[in-house]
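Engineer: Enclosed is the structure file entry_7.cif (mmCIF, C-alpha atoms).
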data_my_file
#
loop_
_atom_site.label_atom_id
_atom_site.label_comp_id
_atom_site.auth_asym_id
_atom_site.auth_seq_id
_atom_site.Cartn_x
_atom_site.Cartn_y
_atom_site.Cartn_z
CA MET A 233 0.00 0.00 0.00
CA PRO A 234 1.57 3.32 -1.06
CA SER A 235 2.08 5.90 1.66
CA THR A 236 0.43 9.25 1.27
CA THR A 237 1.98 12.58 1.97
CA PRO A 238 0.21 14.36 4.81
CA GLU A 239 -1.16 17.84 4.28
CA LEU A 240 1.94 20.02 4.37
CA LEU A 241 2.40 23.40 5.99
CA PRO A 242 1.57 26.30 3.70
CA GLY A 243 4.54 27.49 1.65
CA ASP A 244 4.40 31.01 3.09
CA VAL A 245 4.76 29.60 6.61
CA VAL A 246 7.77 27.52 5.59
CA SER A 247 9.35 30.51 3.82
CA ARG A 248 8.74 32.80 6.80
CA ILE A 249 10.39 30.34 9.19
CA ARG A 250 13.29 29.70 6.80
CA ASP A 251 13.92 33.41 6.35
CA ASN A 252 13.23 34.69 9.90
CA CYS A 253 13.91 31.97 12.46
CA LEU A 254 16.73 33.11 14.75
CA CYS A 255 17.37 29.56 15.92
CA LEU A 256 17.80 28.28 12.36
CA ALA A 257 20.03 31.23 11.45
CA ALA A 258 22.18 30.66 14.54
CA GLN A 259 22.43 26.93 13.77
CA ARG A 260 23.52 27.62 10.18
CA ALA A 261 26.12 30.16 11.29
CA ALA A 262 27.37 27.91 14.10
CA ARG A 263 27.80 24.99 11.71
CA LYS A 264 29.69 27.14 9.21
CA LEU A 265 31.97 28.51 11.92
CA ALA A 266 32.47 25.06 13.43
CA ARG A 267 33.48 23.60 10.05
CA ARG A 268 35.87 26.49 9.42
CA PHE A 269 37.61 26.10 12.78
CA ASP A 270 37.58 22.29 12.46
CA VAL A 271 39.49 22.64 9.19
CA ALA A 272 41.93 25.15 10.73
CA LEU A 273 42.57 22.93 13.78
CA LYS A 274 42.82 19.66 11.84
CA PRO A 275 46.66 19.73 11.77
CA PHE A 276 46.52 19.45 15.57
CA ASN A 277 43.96 16.64 15.43
CA LEU A 278 41.53 18.84 17.36
CA THR A 279 37.94 19.83 16.67
CA ASN A 280 36.73 23.29 17.59
CA GLY A 281 34.88 21.77 20.54
CA GLN A 282 38.00 20.01 21.80
CA PHE A 283 39.96 23.24 21.39
CA SER A 284 37.41 25.12 23.52
CA LEU A 285 37.56 22.40 26.15
CA MET A 286 41.35 22.52 26.27
CA VAL A 287 41.29 26.32 26.60
CA ALA A 288 38.84 25.99 29.51
CA LEU A 289 41.33 23.69 31.28
CA ASN A 290 44.02 26.37 31.41
CA GLN A 291 43.50 27.03 35.11
CA SER A 292 45.80 26.57 38.07
CA GLU A 293 43.19 24.39 39.78
CA PRO A 294 41.65 21.64 37.65
CA PRO A 295 37.94 22.40 37.25
CA PRO A 296 35.26 19.84 38.12
CA ILE A 297 33.33 18.43 35.16
CA GLY A 298 30.08 19.71 36.68
CA ARG A 299 31.32 23.31 36.61
CA LEU A 300 32.97 23.03 33.21
CA ALA A 301 30.00 21.56 31.33
CA PRO A 302 27.73 24.64 31.56
CA LEU A 303 30.61 26.93 30.61
CA LEU A 304 30.99 24.92 27.39
CA GLY A 305 27.23 24.72 26.80
CA MET A 306 26.92 20.97 27.27
CA ASP A 307 25.78 18.49 29.86
CA ALA A 308 28.20 16.53 32.03
CA SER A 309 27.71 13.22 30.17
CA THR A 310 28.47 14.85 26.81
CA LEU A 311 31.56 16.48 28.29
CA THR A 312 32.68 13.16 29.76
CA ALA A 313 32.45 11.58 26.30
CA ALA A 314 34.38 14.49 24.76
CA VAL A 315 37.17 14.09 27.32
CA LYS A 316 37.96 10.45 26.50
CA PRO A 317 39.86 10.92 23.21
CA LEU A 318 41.84 13.82 24.67
CA ALA A 319 42.76 11.76 27.72
CA ARG A 320 43.83 8.84 25.50
CA ARG A 321 46.15 11.25 23.67
CA GLY A 322 47.65 12.36 26.97
CA LEU A 323 46.45 15.96 26.58
CA LEU A 324 44.49 15.95 29.82
CA THR A 325 43.98 13.78 32.87
CA VAL A 326 40.83 12.92 34.77
CA GLU A 327 41.32 13.10 38.53
CA THR A 328 39.14 12.30 41.48
CA ASP A 329 38.02 15.44 43.30
CA PRO A 330 39.61 15.29 46.77
CA GLY A 331 36.61 17.15 48.24
CA ASP A 332 34.01 14.87 46.65
CA ARG A 333 35.15 11.38 45.63
CA ARG A 334 32.15 11.07 43.27
CA SER A 335 33.22 14.12 41.28
CA ARG A 336 35.96 14.30 38.65
CA ARG A 337 38.31 17.14 37.78
CA LEU A 338 40.11 17.69 34.49
CA ARG A 339 43.74 18.78 34.34
CA ILE A 340 45.59 19.80 31.20
CA THR A 341 48.93 18.02 30.83
CA PRO A 342 52.24 19.54 29.72
CA GLU A 343 51.66 17.86 26.34
CA GLY A 344 48.24 19.51 26.18
CA VAL A 345 49.69 22.93 26.95
CA ALA A 346 52.38 22.46 24.28
CA LEU A 347 49.78 21.52 21.67
CA MET A 348 47.57 24.43 22.65
CA ARG A 349 50.44 26.90 22.32
CA GLN A 350 50.68 25.88 18.65
CA ALA A 351 46.93 25.65 18.04
CA VAL A 352 46.23 29.09 19.53
CA LYS A 353 48.28 30.70 16.77
CA VAL A 354 46.10 29.08 14.11
CA TRP A 355 42.92 29.90 16.05
CA ARG A 356 44.00 33.55 16.31
CA ASP A 357 44.61 33.79 12.54
CA THR A 358 41.35 32.06 11.68
CA HIS A 359 39.40 34.19 14.12
CA ALA A 360 40.92 37.37 12.64
CA GLU A 361 39.91 36.21 9.14
CA VAL A 362 36.31 35.65 10.28
CA GLU A 363 36.16 39.04 12.01
CA ALA A 364 37.60 40.76 8.91
CA GLU A 365 34.74 39.35 6.82
CA LEU A 366 32.17 41.10 9.01
CA LYS A 367 31.23 44.77 8.96
CA PRO A 368 32.77 46.97 11.67
CA GLY A 369 30.85 46.71 14.93
CA THR A 370 29.19 43.43 13.96
CA VAL A 371 31.39 41.21 16.13
CA LYS A 372 30.79 43.21 19.29
CA ALA A 373 27.03 43.42 18.62
CA LEU A 374 26.89 39.72 17.84
CA ARG A 375 28.64 38.74 21.08
CA LYS A 376 26.38 41.06 23.06
CA GLY A 377 23.23 39.76 21.39
CA LEU A 378 24.15 36.11 21.84
CA ALA A 379 25.06 36.68 25.49
CA ALA A 380 21.62 38.18 26.10
CA ILE A 381 19.85 34.97 25.12
CA GLY A 382 18.87 33.21 28.34
#
Could you show the structure in this file as structure tokens?
Structural biologist:
Amino acid sequence: MPSTTPELLPGDVVSRIRDNCLCLAAQRAARKLARRFDVALKPFNLTNGQFSLMVALNQSEPPPIGRLAPLLGMDASTLTAAVKPLARRGLLTVETDPGDRRSRRLRITPEGVALMRQAVKVWRDTHAEVEAELKPGTVKALRKGLAAIG
């Protein structure tokens, strides 16, 4: 028995969402930026998400996963999964929190710092290229607007 297509949304509704939805626009832009930084960071075998995680670990005291996850915009289980390949590479270590044996802290290793010193140069150049493609004032307004979303 052939399946039938349900009654679809009106075309003007679809067009309005496609052309005006802030969430869709942000997703498109985020994916484009993510791909661009993934390509730039590929020589270091890092994704843009891994790079951000490694930057967040540059602290004198290793942060607990529970505090780090919201900073990176993810939940603790997603962060735990993201940590595994970096730990296998020796770029970070997972330690038991001395104040709460159930909690884990992440510490960047000397190898991780060395890699990040190299990767930051590429990130800086790529970031400057992206900013140069935008009209003056756009970057500041964009950061401010995105930060206002609760």
Engineer: So which residues get picked by the PyMOL selection byres ((chain A and resi 340-344) around 6) here, written as a ChimeraX atom specification?
Structural biologist: /A:289,323-324,339,345-347
Engineer: Which residues match the PyMOL selection byres ((chain A and resi 269-286) around 8) in the file above, as a PyMOL selection string?
Structural biologist: chain A and resi 265-268+287-290+304+314+318+340+344+347-348+351+354-355+358
Engineer: In Å, with one decimal, what is the gap from CA of Arg250 in chain A to CA of Leu378 in chain A?
Structural biologist: 19.6 Å
Engineer: Just to confirm, what's the straight-line distance from CA of Ala261 in chain A to CA of Val246 in chain A in Å (one decimal)?
Structural biologist: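 These atoms are spaced 19.4 Å apart.
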Engineer: Could you check how far CA of Glu363 in chain A sits from CA of Ala380 in chain A, in Å to one decimal?
Structural biologist: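 So the answer is 20.3 Å.
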Engineer: So, with only C-alpha atoms as the atoms that count, which of A:Leu374, A:Ala360, A:Ala258, A:Leu311 lies closest to Val326 in chain A?
Structural biologist: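 Once distances to Val326 in chain A are computed over only C-alpha atoms, the minimum belongs to A:Leu311.
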Engineer: Find the residues near Thr312 in chain A: any atom within 9 Å, counting all atoms listed in the file, skip ones fewer than 5 places away on the same chain, and give them as number ranges by chain.
Structural biologist: A: 297, 301, 307
Engineer: Which residue is closest to Gly377 in chain A? Choose from A:Glu239, A:Leu254, A:Ser309, A:Gly298 and count only C-alpha atoms.
Structural biologist: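 Among the listed residues, the smallest separation from Gly377 in chain A belongs to A:Leu254.
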Engineer: Take every atom of range 359-378 of chain A listed in the file, pad by 8 Å on each side, and give me the axis-aligned box centre and edge lengths in Å, one decimal, as JSON.
Structural biologist:
{"center_x": 32.1, "center_y": 40.6, "center_z": 14.9, "size_x": 33.7, "size_y": 28.8, "size_z": 32.2}
Engineer: Hey, which of A:Gly369, A:Gly243, A:Pro302, A:Pro295 ends up closest to Glu327 in chain A? Count all atoms listed in the file.
Structural biologist: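 Nearest to Glu327 in chain A: A:Pro295.
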Engineer: Could you give me range 334-345 of chain A completed to all heavy atoms, formatted as a compact mmCIF listing (two decimals), in the coordinates of the input?
Structural biologist:
# COMPACT_ATOMS: atom_id res chain seq x y z
N ARG A 334 33.04 11.41 44.41
CA ARG A 334 32.15 11.07 43.27
C ARG A 334 32.40 11.97 42.08
O ARG A 334 32.03 11.65 40.96
CB ARG A 334 30.68 11.18 43.69
CG ARG A 334 30.28 10.21 44.79
CD ARG A 334 28.95 10.59 45.36
NE ARG A 334 29.08 11.93 45.94
CZ ARG A 334 28.07 12.71 46.28
NH1 ARG A 334 26.84 12.30 46.13
NH2 ARG A 334 28.28 13.91 46.79
N SER A 335 33.00 13.12 42.32
CA SER A 335 33.22 14.12 41.28
C SER A 335 34.60 13.94 40.64
O SER A 335 35.52 13.43 41.26
CB SER A 335 33.10 15.51 41.89
OG SER A 335 33.26 16.50 40.91
N ARG A 336 34.69 14.37 39.38
CA ARG A 336 35.96 14.30 38.65
C ARG A 336 36.39 15.69 38.23
O ARG A 336 35.58 16.56 37.92
CB ARG A 336 35.81 13.42 37.39
CG ARG A 336 35.42 11.98 37.68
CD ARG A 336 36.57 11.22 38.31
NE ARG A 336 36.21 9.86 38.66
CZ ARG A 336 35.91 9.45 39.88
NH1 ARG A 336 35.90 10.29 40.88
NH2 ARG A 336 35.61 8.20 40.12
N ARG A 337 37.70 15.89 38.22
CA ARG A 337 38.31 17.14 37.78
C ARG A 337 39.18 16.85 36.56
O ARG A 337 39.74 15.76 36.44
CB ARG A 337 39.15 17.77 38.89
CG ARG A 337 38.29 18.30 40.03
CD ARG A 337 39.15 18.93 41.12
NE ARG A 337 38.32 19.52 42.14
CZ ARG A 337 38.02 20.82 42.22
NH1 ARG A 337 38.49 21.65 41.31
NH2 ARG A 337 37.26 21.27 43.18
N LEU A 338 39.31 17.84 35.70
CA LEU A 338 40.11 17.69 34.49
C LEU A 338 41.32 18.60 34.57
O LEU A 338 41.21 19.79 34.85
CB LEU A 338 39.27 18.07 33.27
CG LEU A 338 37.97 17.28 33.08
CD1 LEU A 338 37.21 17.80 31.87
CD2 LEU A 338 38.24 15.80 32.96
N ARG A 339 42.49 18.02 34.30
CA ARG A 339 43.74 18.78 34.34
C ARG A 339 44.44 18.66 32.98
O ARG A 339 44.64 17.56 32.47
CB ARG A 339 44.66 18.26 35.43
CG ARG A 339 45.94 19.08 35.59
CD ARG A 339 46.90 18.49 36.60
NE ARG A 339 46.32 18.29 37.92
CZ ARG A 339 46.31 19.21 38.91
NH1 ARG A 339 46.85 20.40 38.69
NH2 ARG A 339 45.79 18.92 40.08
N ILE A 340 44.81 19.80 32.44
CA ILE A 340 45.59 19.80 31.20
C ILE A 340 47.00 19.33 31.52
O ILE A 340 47.55 19.65 32.58
CB ILE A 340 45.57 21.20 30.54
CG1 ILE A 340 46.09 21.13 29.11
CG2 ILE A 340 46.28 22.23 31.40
CD1 ILE A 340 45.80 22.38 28.30
N THR A 341 47.58 18.54 30.63
CA THR A 341 48.93 18.02 30.83
C THR A 341 49.95 18.94 30.14
O THR A 341 49.57 19.79 29.32
CB THR A 341 49.06 16.61 30.22
OG1 THR A 341 48.86 16.72 28.80
CG2 THR A 341 48.06 15.63 30.83
N PRO A 342 51.22 18.76 30.44
CA PRO A 342 52.24 19.54 29.72
C PRO A 342 52.14 19.35 28.19
O PRO A 342 52.33 20.30 27.43
CB PRO A 342 53.56 19.01 30.27
CG PRO A 342 53.22 18.55 31.66
CD PRO A 342 51.82 17.98 31.53
N GLU A 343 51.83 18.12 27.77
CA GLU A 343 51.66 17.86 26.34
C GLU A 343 50.47 18.64 25.78
O GLU A 343 50.52 19.16 24.66
CB GLU A 343 51.46 16.36 26.07
CG GLU A 343 52.66 15.50 26.41
CD GLU A 343 52.80 15.17 27.90
OE1 GLU A 343 51.88 15.49 28.70
OE2 GLU A 343 53.84 14.60 28.27
N GLY A 344 49.41 18.74 26.59
CA GLY A 344 48.24 19.51 26.18
C GLY A 344 48.55 20.99 26.05
O GLY A 344 48.13 21.64 25.09
N VAL A 345 49.30 21.52 27.00
CA VAL A 345 49.69 22.93 26.95
C VAL A 345 50.56 23.19 25.72
O VAL A 345 50.37 24.18 24.99
CB VAL A 345 50.42 23.37 28.24
CG1 VAL A 345 50.98 24.77 28.10
CG2 VAL A 345 49.48 23.28 29.43
